[in-house]
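Dropping run-v7.txt in here (compact mmCIF, C-alpha atoms):
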# COMPACT_ATOMS: atom_id res chain seq x y z
CA LYS A 1 -90.72 -139.38 -74.03
CA ALA A 2 -89.25 -140.55 -77.29
CA GLY A 3 -91.81 -141.51 -79.91
CA VAL A 4 -92.22 -144.76 -81.78
CA THR A 5 -89.14 -145.55 -83.82
CA GLN A 6 -88.93 -147.81 -86.83
CA THR A 7 -85.87 -149.12 -88.59
CA PRO A 8 -84.89 -149.05 -91.31
CA ARG A 9 -86.81 -146.18 -92.86
CA TYR A 10 -86.27 -147.40 -96.42
CA LEU A 11 -85.63 -150.83 -97.87
CA ILE A 12 -85.25 -152.17 -101.36
CA LYS A 13 -85.55 -155.90 -101.89
CA THR A 14 -86.10 -158.24 -104.81
CA ARG A 15 -88.86 -160.76 -105.30
CA GLY A 16 -88.40 -163.95 -103.35
CA GLN A 17 -86.24 -162.42 -100.64
CA GLN A 18 -87.32 -162.00 -97.07
CA VAL A 19 -87.25 -158.88 -94.92
CA THR A 20 -87.39 -157.99 -91.21
CA LEU A 21 -88.65 -154.65 -89.96
CA SER A 22 -88.16 -153.38 -86.44
CA CYS A 23 -90.28 -151.23 -84.16
CA SER A 24 -89.46 -149.75 -80.76
CA PRO A 25 -92.57 -148.55 -78.93
CA ILE A 26 -92.90 -145.62 -76.61
CA SER A 27 -91.42 -146.43 -73.22
CA GLY A 28 -94.02 -148.13 -71.05
CA HIS A 29 -96.28 -149.13 -73.92
CA ARG A 30 -97.01 -152.84 -74.03
CA SER A 31 -99.08 -153.12 -77.18
CA VAL A 32 -97.58 -152.92 -80.65
CA SER A 33 -99.64 -153.08 -83.83
CA TRP A 34 -98.54 -153.22 -87.44
CA TYR A 35 -100.33 -151.75 -90.45
CA GLN A 36 -99.67 -151.86 -94.15
CA GLN A 37 -100.38 -148.77 -96.26
CA THR A 38 -100.65 -148.98 -100.05
CA PRO A 39 -102.26 -146.64 -102.61
CA GLY A 40 -104.64 -149.38 -103.72
CA GLN A 41 -105.70 -150.98 -100.43
CA GLY A 42 -105.17 -148.09 -98.04
CA LEU A 43 -104.35 -148.76 -94.40
CA GLN A 44 -104.81 -152.37 -93.37
CA PHE A 45 -104.21 -154.01 -90.01
CA LEU A 46 -101.62 -156.76 -89.97
CA PHE A 47 -101.41 -157.87 -86.33
CA GLU A 48 -101.10 -156.75 -82.74
CA TYR A 49 -98.78 -158.00 -80.04
CA PHE A 50 -99.22 -157.59 -76.31
CA SER A 51 -96.90 -159.03 -73.70
CA GLU A 52 -95.07 -161.08 -76.32
CA THR A 53 -98.29 -162.71 -77.55
CA GLN A 54 -100.17 -162.09 -80.76
CA ARG A 55 -103.52 -160.73 -79.64
CA ASN A 56 -105.14 -159.89 -82.96
CA LYS A 57 -104.46 -160.76 -86.55
CA GLY A 58 -105.61 -159.27 -89.85
CA ASN A 59 -106.30 -160.98 -93.15
CA PHE A 60 -102.81 -161.39 -94.50
CA PRO A 61 -101.12 -164.57 -95.74
CA GLY A 62 -98.80 -166.55 -93.53
CA ARG A 63 -95.79 -164.98 -95.23
CA PHE A 64 -96.38 -162.08 -92.87
CA SER A 65 -95.34 -162.81 -89.31
CA GLY A 66 -94.25 -160.94 -86.27
CA ARG A 67 -93.01 -161.22 -82.76
CA GLN A 68 -92.59 -159.14 -79.66
CA PHE A 69 -89.75 -159.24 -77.20
CA SER A 70 -89.82 -158.89 -73.43
CA ASN A 71 -88.89 -155.19 -73.71
CA SER A 72 -91.97 -154.69 -75.97
CA ARG A 73 -89.89 -154.11 -79.08
CA SER A 74 -91.43 -155.81 -82.07
CA GLU A 75 -90.32 -157.15 -85.40
CA MET A 76 -92.29 -158.15 -88.43
CA ASN A 77 -91.05 -160.48 -91.11
CA VAL A 78 -92.20 -160.96 -94.66
CA SER A 79 -90.92 -164.03 -96.45
CA THR A 80 -90.87 -164.75 -100.17
CA LEU A 81 -91.49 -161.14 -101.11
CA GLU A 82 -93.88 -160.29 -103.92
CA LEU A 83 -94.16 -157.09 -105.91
CA GLY A 84 -97.46 -156.38 -104.17
CA ASP A 85 -95.73 -156.24 -100.80
CA SER A 86 -94.29 -152.85 -101.72
CA ALA A 87 -95.83 -150.54 -99.15
CA LEU A 88 -95.32 -148.29 -96.19
CA TYR A 89 -95.33 -150.43 -93.04
CA LEU A 90 -96.45 -148.55 -89.97
CA CYS A 91 -95.99 -149.58 -86.40
CA ALA A 92 -98.17 -148.19 -83.62
CA SER A 93 -97.85 -148.53 -79.87
CA SER A 94 -100.35 -148.00 -77.10
CA PRO A 95 -100.35 -148.37 -73.33
CA SER A 96 -103.22 -150.86 -73.63
CA THR A 97 -104.48 -149.89 -70.20
CA SER A 98 -108.06 -149.27 -71.30
CA GLY A 99 -108.25 -151.57 -74.26
CA ASN A 100 -109.87 -150.31 -77.39
CA THR A 101 -110.10 -146.66 -76.37
CA ASP A 102 -106.34 -146.29 -76.08
CA THR A 103 -104.69 -143.92 -78.48
CA GLN A 104 -102.31 -145.65 -80.84
CA TYR A 105 -99.15 -143.68 -81.53
CA PHE A 106 -97.61 -144.26 -84.91
CA GLY A 107 -94.02 -144.37 -86.00
CA PRO A 108 -92.75 -142.81 -89.24
CA GLY A 109 -92.95 -146.11 -91.09
CA THR A 110 -90.64 -148.25 -93.16
CA ARG A 111 -90.95 -147.81 -96.91
CA LEU A 112 -90.42 -151.21 -98.54
CA THR A 113 -89.90 -151.44 -102.29
CA VAL A 114 -89.87 -154.87 -103.92
CA LEU A 115 -88.26 -155.06 -107.36
CA ALA B 1 -118.35 -155.82 -88.45
CA GLN B 2 -117.11 -152.27 -88.59
CA SER B 3 -116.36 -149.94 -91.46
CA VAL B 4 -115.72 -146.30 -92.20
CA THR B 5 -116.60 -144.31 -95.29
CA GLN B 6 -114.92 -141.02 -96.07
CA LEU B 7 -116.78 -138.98 -98.66
CA GLY B 8 -114.47 -137.12 -101.01
CA SER B 9 -110.98 -138.41 -101.64
CA HIS B 10 -109.83 -134.86 -102.46
CA VAL B 11 -111.03 -131.65 -100.87
CA SER B 12 -109.73 -128.21 -101.77
CA VAL B 13 -110.37 -125.08 -99.73
CA SER B 14 -109.03 -121.55 -99.68
CA GLU B 15 -106.87 -120.36 -96.84
CA GLY B 16 -109.16 -119.00 -94.12
CA ALA B 17 -112.18 -121.00 -95.29
CA LEU B 18 -114.06 -123.65 -93.34
CA VAL B 19 -112.69 -127.17 -93.51
CA LEU B 20 -115.25 -130.00 -93.49
CA LEU B 21 -114.13 -133.59 -93.95
CA ARG B 22 -116.85 -136.21 -93.88
CA CYS B 23 -116.79 -139.56 -92.15
CA ASN B 24 -119.61 -142.07 -91.73
CA TYR B 25 -119.21 -145.28 -89.80
CA SER B 26 -120.89 -148.61 -89.47
CA SER B 27 -120.55 -150.61 -86.28
CA SER B 28 -122.47 -153.38 -84.55
CA VAL B 29 -121.00 -152.35 -81.19
CA PRO B 30 -120.59 -148.91 -79.61
CA PRO B 31 -117.91 -147.30 -81.76
CA TYR B 32 -114.80 -145.49 -80.74
CA LEU B 33 -113.85 -143.01 -83.45
CA PHE B 34 -110.58 -141.37 -84.35
CA TRP B 35 -109.22 -138.82 -86.80
CA TYR B 36 -105.57 -139.05 -87.82
CA VAL B 37 -103.52 -136.78 -90.07
CA GLN B 38 -100.61 -137.85 -92.25
CA TYR B 39 -98.09 -135.45 -93.70
CA PRO B 40 -95.93 -136.55 -96.64
CA ASN B 41 -93.38 -139.21 -95.77
CA GLN B 42 -94.54 -139.36 -92.17
CA GLY B 43 -96.60 -141.61 -89.96
CA LEU B 44 -100.04 -140.88 -88.58
CA GLN B 45 -100.68 -138.28 -85.91
CA LEU B 46 -103.82 -138.35 -83.79
CA LEU B 47 -106.00 -135.25 -84.15
CA LEU B 48 -108.82 -136.27 -81.84
CA LYS B 49 -110.86 -139.22 -80.63
CA TYR B 50 -114.35 -139.99 -79.38
CA THR B 51 -114.90 -142.75 -76.85
CA THR B 52 -117.81 -141.88 -74.58
CA GLY B 53 -119.32 -138.78 -73.03
CA ALA B 54 -119.39 -135.40 -74.75
CA THR B 55 -120.22 -135.79 -78.42
CA LEU B 56 -118.33 -132.67 -79.51
CA VAL B 57 -114.65 -133.47 -79.37
CA LYS B 58 -111.90 -130.89 -79.65
CA GLY B 59 -108.50 -131.84 -80.95
CA ILE B 60 -105.17 -130.35 -81.81
CA ASN B 61 -104.52 -127.57 -84.32
CA GLY B 62 -108.04 -126.15 -83.98
CA PHE B 63 -109.86 -129.22 -85.29
CA GLU B 64 -113.03 -130.63 -83.80
CA ALA B 65 -115.52 -133.35 -84.62
CA GLU B 66 -119.03 -134.19 -83.53
CA PHE B 67 -120.28 -137.71 -82.95
CA LYS B 68 -123.84 -138.05 -84.25
CA LYS B 69 -125.21 -141.48 -83.53
CA SER B 70 -128.48 -140.85 -85.38
CA GLU B 71 -126.55 -140.02 -88.54
CA THR B 72 -123.69 -142.48 -87.89
CA SER B 73 -121.32 -139.63 -88.63
CA PHE B 74 -118.14 -138.17 -87.20
CA HIS B 75 -117.28 -135.24 -89.46
CA LEU B 76 -114.09 -133.24 -88.92
CA THR B 77 -114.19 -129.45 -89.03
CA LYS B 78 -111.92 -126.46 -88.63
CA PRO B 79 -113.28 -122.91 -88.85
CA SER B 80 -110.36 -121.43 -90.74
CA ALA B 81 -107.94 -123.39 -92.91
CA HIS B 82 -104.23 -122.74 -92.79
CA MET B 83 -101.67 -123.68 -95.41
CA SER B 84 -100.06 -126.03 -92.90
CA ASP B 85 -103.30 -128.09 -92.79
CA ALA B 86 -102.58 -129.51 -96.23
CA ALA B 87 -102.22 -133.24 -95.62
CA GLU B 88 -104.14 -136.51 -95.80
CA TYR B 89 -106.76 -137.17 -93.16
CA PHE B 90 -107.98 -140.57 -92.05
CA CYS B 91 -111.06 -141.46 -90.06
CA ALA B 92 -110.89 -144.73 -88.11
CA VAL B 93 -113.09 -146.85 -85.87
CA THR B 94 -112.55 -149.51 -83.22
CA GLY B 95 -114.95 -151.21 -80.88
CA GLY B 96 -115.80 -154.42 -79.17
CA ALA B 97 -112.98 -156.49 -77.78
CA THR B 98 -110.24 -155.24 -80.07
CA ASN B 99 -108.26 -152.05 -80.54
CA LYS B 100 -107.65 -152.87 -84.18
CA LEU B 101 -108.17 -149.66 -86.15
CA ILE B 102 -110.37 -149.83 -89.24
CA PHE B 103 -109.47 -146.91 -91.47
CA GLY B 104 -111.33 -145.04 -94.14
CA THR B 105 -109.71 -144.47 -97.51
CA GLY B 106 -108.49 -141.02 -96.57
CA THR B 107 -109.18 -137.47 -97.73
CA LEU B 108 -106.41 -135.39 -99.22
CA LEU B 109 -106.88 -131.78 -98.18
CA ALA B 110 -105.40 -129.04 -100.36
CA VAL B 111 -105.32 -125.45 -99.12
CA GLN B 112 -105.14 -122.76 -101.76
CA PRO B 113 -103.57 -119.36 -101.01
Let me see the structure of the file written as structure tokens.
Amino acid sequence: KAGVTQTPRYLIKTRGQQVTLSCSPISGHRSVSWYQQTPGQGLQFLFEYFSETQRNKGNFPGRFSGRQFSNSRSEMNVSTLELGDSALYLCASSPSTSGNTDTQYFGPGTRLTVL
Amino acid sequence: AQSVTQLGSHVSVSEGALVLLRCNYSSSVPPYLFWYVQYPNQGLQLLLKYTTGATLVKGINGFEAEFKKSETSFHLTKPSAHMSDAAEYFCAVTGGATNKLIFGTGTLLAVQP
């Protein structure tokens, strides 16, 4: 099976712009989660989608949003970018058959730089 | 609430030496524990996980970890380090009604020749 894919791999934006990142989960996986990784804050959970519905949400401002499509692909959007949004954004998919014991499989990430 | 503490942000070992990366957790519900590895410019790869049952868990690349409830620990070990083990290692916990991963701050492992 193909792994989790994320596009684009690298992005450079300027403050105030918005950005959309895409994630294609492993075939058959219905849960997609997003994480932000920064040197200062480490790995932080953004949100999780399951069957096109947001199931869990982390402590991020409303500028961060996401959605999931019927084929389980997911996008996350960040509006009004700030310098502090520069990070590696990781997507993870899981089958979500056994809930919280499922392994989450991570993609390679999208490196976002905000200038 | 759940949390994970990784002791030692940087660990250096010689090739062939024992690798020991420490992880302590806090959880108000039965925890499920994970170790992930991250190589430069890559995502996270699962090394091993503990859910229920046997407390000694074996993973990929010769790594293993033991769940010790009395010590609230889940330390990662490998008997003999290899140069290819140089990477950053993250301990994580989930539990309760969510599969949201709570990560530790990571331990960067250096392997000296």
For segment 60-72 of chain A, work out the shell of residues within 7 Å, counting all atoms listed in the file and skipping chain neighbours fewer than 4 positions away, then give it as a compact mmCIF listing (two decimals) with C-alpha atoms, in the frame of the given file.
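File produced: part_19.txt:
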# COMPACT_ATOMS: atom_id res chain seq x y z
CA PRO A 25 -92.57 -148.55 -78.93
CA ARG A 30 -97.01 -152.84 -74.03
CA LEU A 46 -101.62 -156.76 -89.97
CA TYR A 49 -98.78 -158.00 -80.04
CA SER A 51 -96.90 -159.03 -73.70
CA GLU A 52 -95.07 -161.08 -76.32
CA MET A 76 -92.29 -158.15 -88.43
CA ASN A 77 -91.05 -160.48 -91.11
CA VAL A 78 -92.20 -160.96 -94.66
CA SER A 79 -90.92 -164.03 -96.45
CA THR A 80 -90.87 -164.75 -100.17
(request) Fewer than 5 positions away in the same chain doesn't count, so skip those; otherwise give me all residues within 8 Å of segment 93-95 of chain A, counting all atoms listed in the file, as a ChimeraX atom specification. (result) /A:4,25-26,28-33,102-106
Counting only C-alpha atoms, which residues in chain B sit no more than 9 Å from chain A? For each one, give the nearest pair of atoms and the distance in Å, sorted by chain then residue number, as JSON lines.
{"residue": "B:Tyr32", "atom": "CA", "partner": "A:Thr101", "partner_atom": "CA", "distance": 6.5}
{"residue": "B:Leu33", "atom": "CA", "partner": "A:Thr101", "partner_atom": "CA", "distance": 8.8}
{"residue": "B:Phe34", "atom": "CA", "partner": "A:Thr103", "partner_atom": "CA", "distance": 8.7}
{"residue": "B:Asn41", "atom": "CA", "partner": "A:Pro108", "partner_atom": "CA", "distance": 7.5}
{"residue": "B:Gln42", "atom": "CA", "partner": "A:Pro108", "partner_atom": "CA", "distance": 4.9}
{"residue": "B:Gly43", "atom": "CA", "partner": "A:Pro108", "partner_atom": "CA", "distance": 4.1}
{"residue": "B:Leu44", "atom": "CA", "partner": "A:Phe106", "partner_atom": "CA", "distance": 5.5}
{"residue": "B:Gln45", "atom": "CA", "partner": "A:Phe106", "partner_atom": "CA", "distance": 6.8}
{"residue": "B:Leu46", "atom": "CA", "partner": "A:Tyr105", "partner_atom": "CA", "distance": 7.4}
{"residue": "B:Lys49", "atom": "CA", "partner": "A:Thr103", "partner_atom": "CA", "distance": 8.0}
{"residue": "B:Tyr50", "atom": "CA", "partner": "A:Thr101", "partner_atom": "CA", "distance": 8.5}
{"residue": "B:Thr51", "atom": "CA", "partner": "A:Thr101", "partner_atom": "CA", "distance": 6.2}
{"residue": "B:Thr94", "atom": "CA", "partner": "A:Asn100", "partner_atom": "CA", "distance": 6.5}
{"residue": "B:Gly95", "atom": "CA", "partner": "A:Asn100", "partner_atom": "CA", "distance": 6.2}
{"residue": "B:Gly96", "atom": "CA", "partner": "A:Asn100", "partner_atom": "CA", "distance": 7.4}
{"residue": "B:Ala97", "atom": "CA", "partner": "A:Asn100", "partner_atom": "CA", "distance": 6.9}
{"residue": "B:Thr98", "atom": "CA", "partner": "A:Asn100", "partner_atom": "CA", "distance": 5.6}
{"residue": "B:Asn99", "atom": "CA", "partner": "A:Asn100", "partner_atom": "CA", "distance": 3.9}
{"residue": "B:Lys100", "atom": "CA", "partner": "A:Phe45", "partner_atom": "CA", "distance": 6.9}
{"residue": "B:Leu101", "atom": "CA", "partner": "A:Phe45", "partner_atom": "CA", "distance": 7.0}
{"residue": "B:Ile102", "atom": "CA", "partner": "A:Gln44", "partner_atom": "CA", "distance": 7.4}
{"residue": "B:Phe103", "atom": "CA", "partner": "A:Leu43", "partner_atom": "CA", "distance": 6.2}
{"residue": "B:Gly104", "atom": "CA", "partner": "A:Gly42", "partner_atom": "CA", "distance": 7.9}
{"residue": "B:Thr105", "atom": "CA", "partner": "A:Gly42", "partner_atom": "CA", "distance": 5.8}
{"residue": "B:Gly106", "atom": "CA", "partner": "A:Gly42", "partner_atom": "CA", "distance": 7.9}
(request) Choose the residue, out of B:Lys69, B:Lys58, B:Arg22, B:Lys78, that has the smallest atom-to-atom separation from Gly8 of chain B; count only C-alpha atoms. (result) B:Arg22
(message) Given all atoms listed in the file as the basis, pick out the residue of A:Glu75, A:Leu81, A:Gln17, A:Cys23 nearest to Gly3 of chain A.
(response) A:Cys23
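Note that the spacing between atom CA of Val93 of chain B and atom CA of Thr5 of chain B amounts to 10.4 Å.
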Compile the contact shell of Leu56 of chain B as a compact mmCIF listing (two decimals) with C-alpha atoms, in the frame of the given file: residues with an atom at most 9 Å away, counting all atoms listed in the file, same-chain residues fewer than 2 positions apart removed.
# COMPACT_ATOMS: atom_id res chain seq x y z
CA TYR B 50 -114.35 -139.99 -79.38
CA GLY B 53 -119.32 -138.78 -73.03
CA ALA B 54 -119.39 -135.40 -74.75
CA LYS B 58 -111.90 -130.89 -79.65
CA GLU B 64 -113.03 -130.63 -83.80
CA ALA B 65 -115.52 -133.35 -84.62
CA GLU B 66 -119.03 -134.19 -83.53
CA PHE B 67 -120.28 -137.71 -82.95
Kindly provide, as JSON, the centre and edge lengths (Å, one decimal) of an axis-aligned box around all atoms of segment 62-69 of chain B given in the file, with 8 Å on each side.
{"center_x": -116.6, "center_y": -133.8, "center_z": -84.1, "size_x": 33.2, "size_y": 31.3, "size_z": 18.3}
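As for atom CA of Gly62 of chain B and atom CA of Ser27 of chain B, they are spaced 27.6 Å apart.
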(request) Kindly give the distance, in Å, that separates atom CA of Asn59 of chain A and atom CA of Ser3 of chain B, rounded to a single decimal. (result) 15.0 Å
(message) Excluding Ser86 of chain A and its own-chain neighbours fewer than 6 positions away, which residues fall within 10 Å of it when counting all atoms listed in the file? Please give them as a ChimeraX atom specification.
(response) /A:11-13,36-38,111-115
(message) Here's a test: counting only C-alpha atoms, identify every protein, DNA and RNA residue with an atom at most 10 Å from (-109.9, -127.1, -87.3) in the file's coordinate frame, and state them as a PyMOL selection string.
(response) chain B and resi 18-20+47+58-65+76-82+85
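Using all atoms listed in the file, the smallest distance between any of B:Ser84, B:Ser26, B:Thr55, B:Thr107 and Leu7 of chain B comes from B:Thr107.
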(request) In the coordinate frame of the file, compute which residues have an atom within 6 Å of (-106.8, -141.5, -87.4) when using all atoms listed in the file, and state them as a VMD selection string. (result) chain B and resid 34 to 36 46 90 to 92
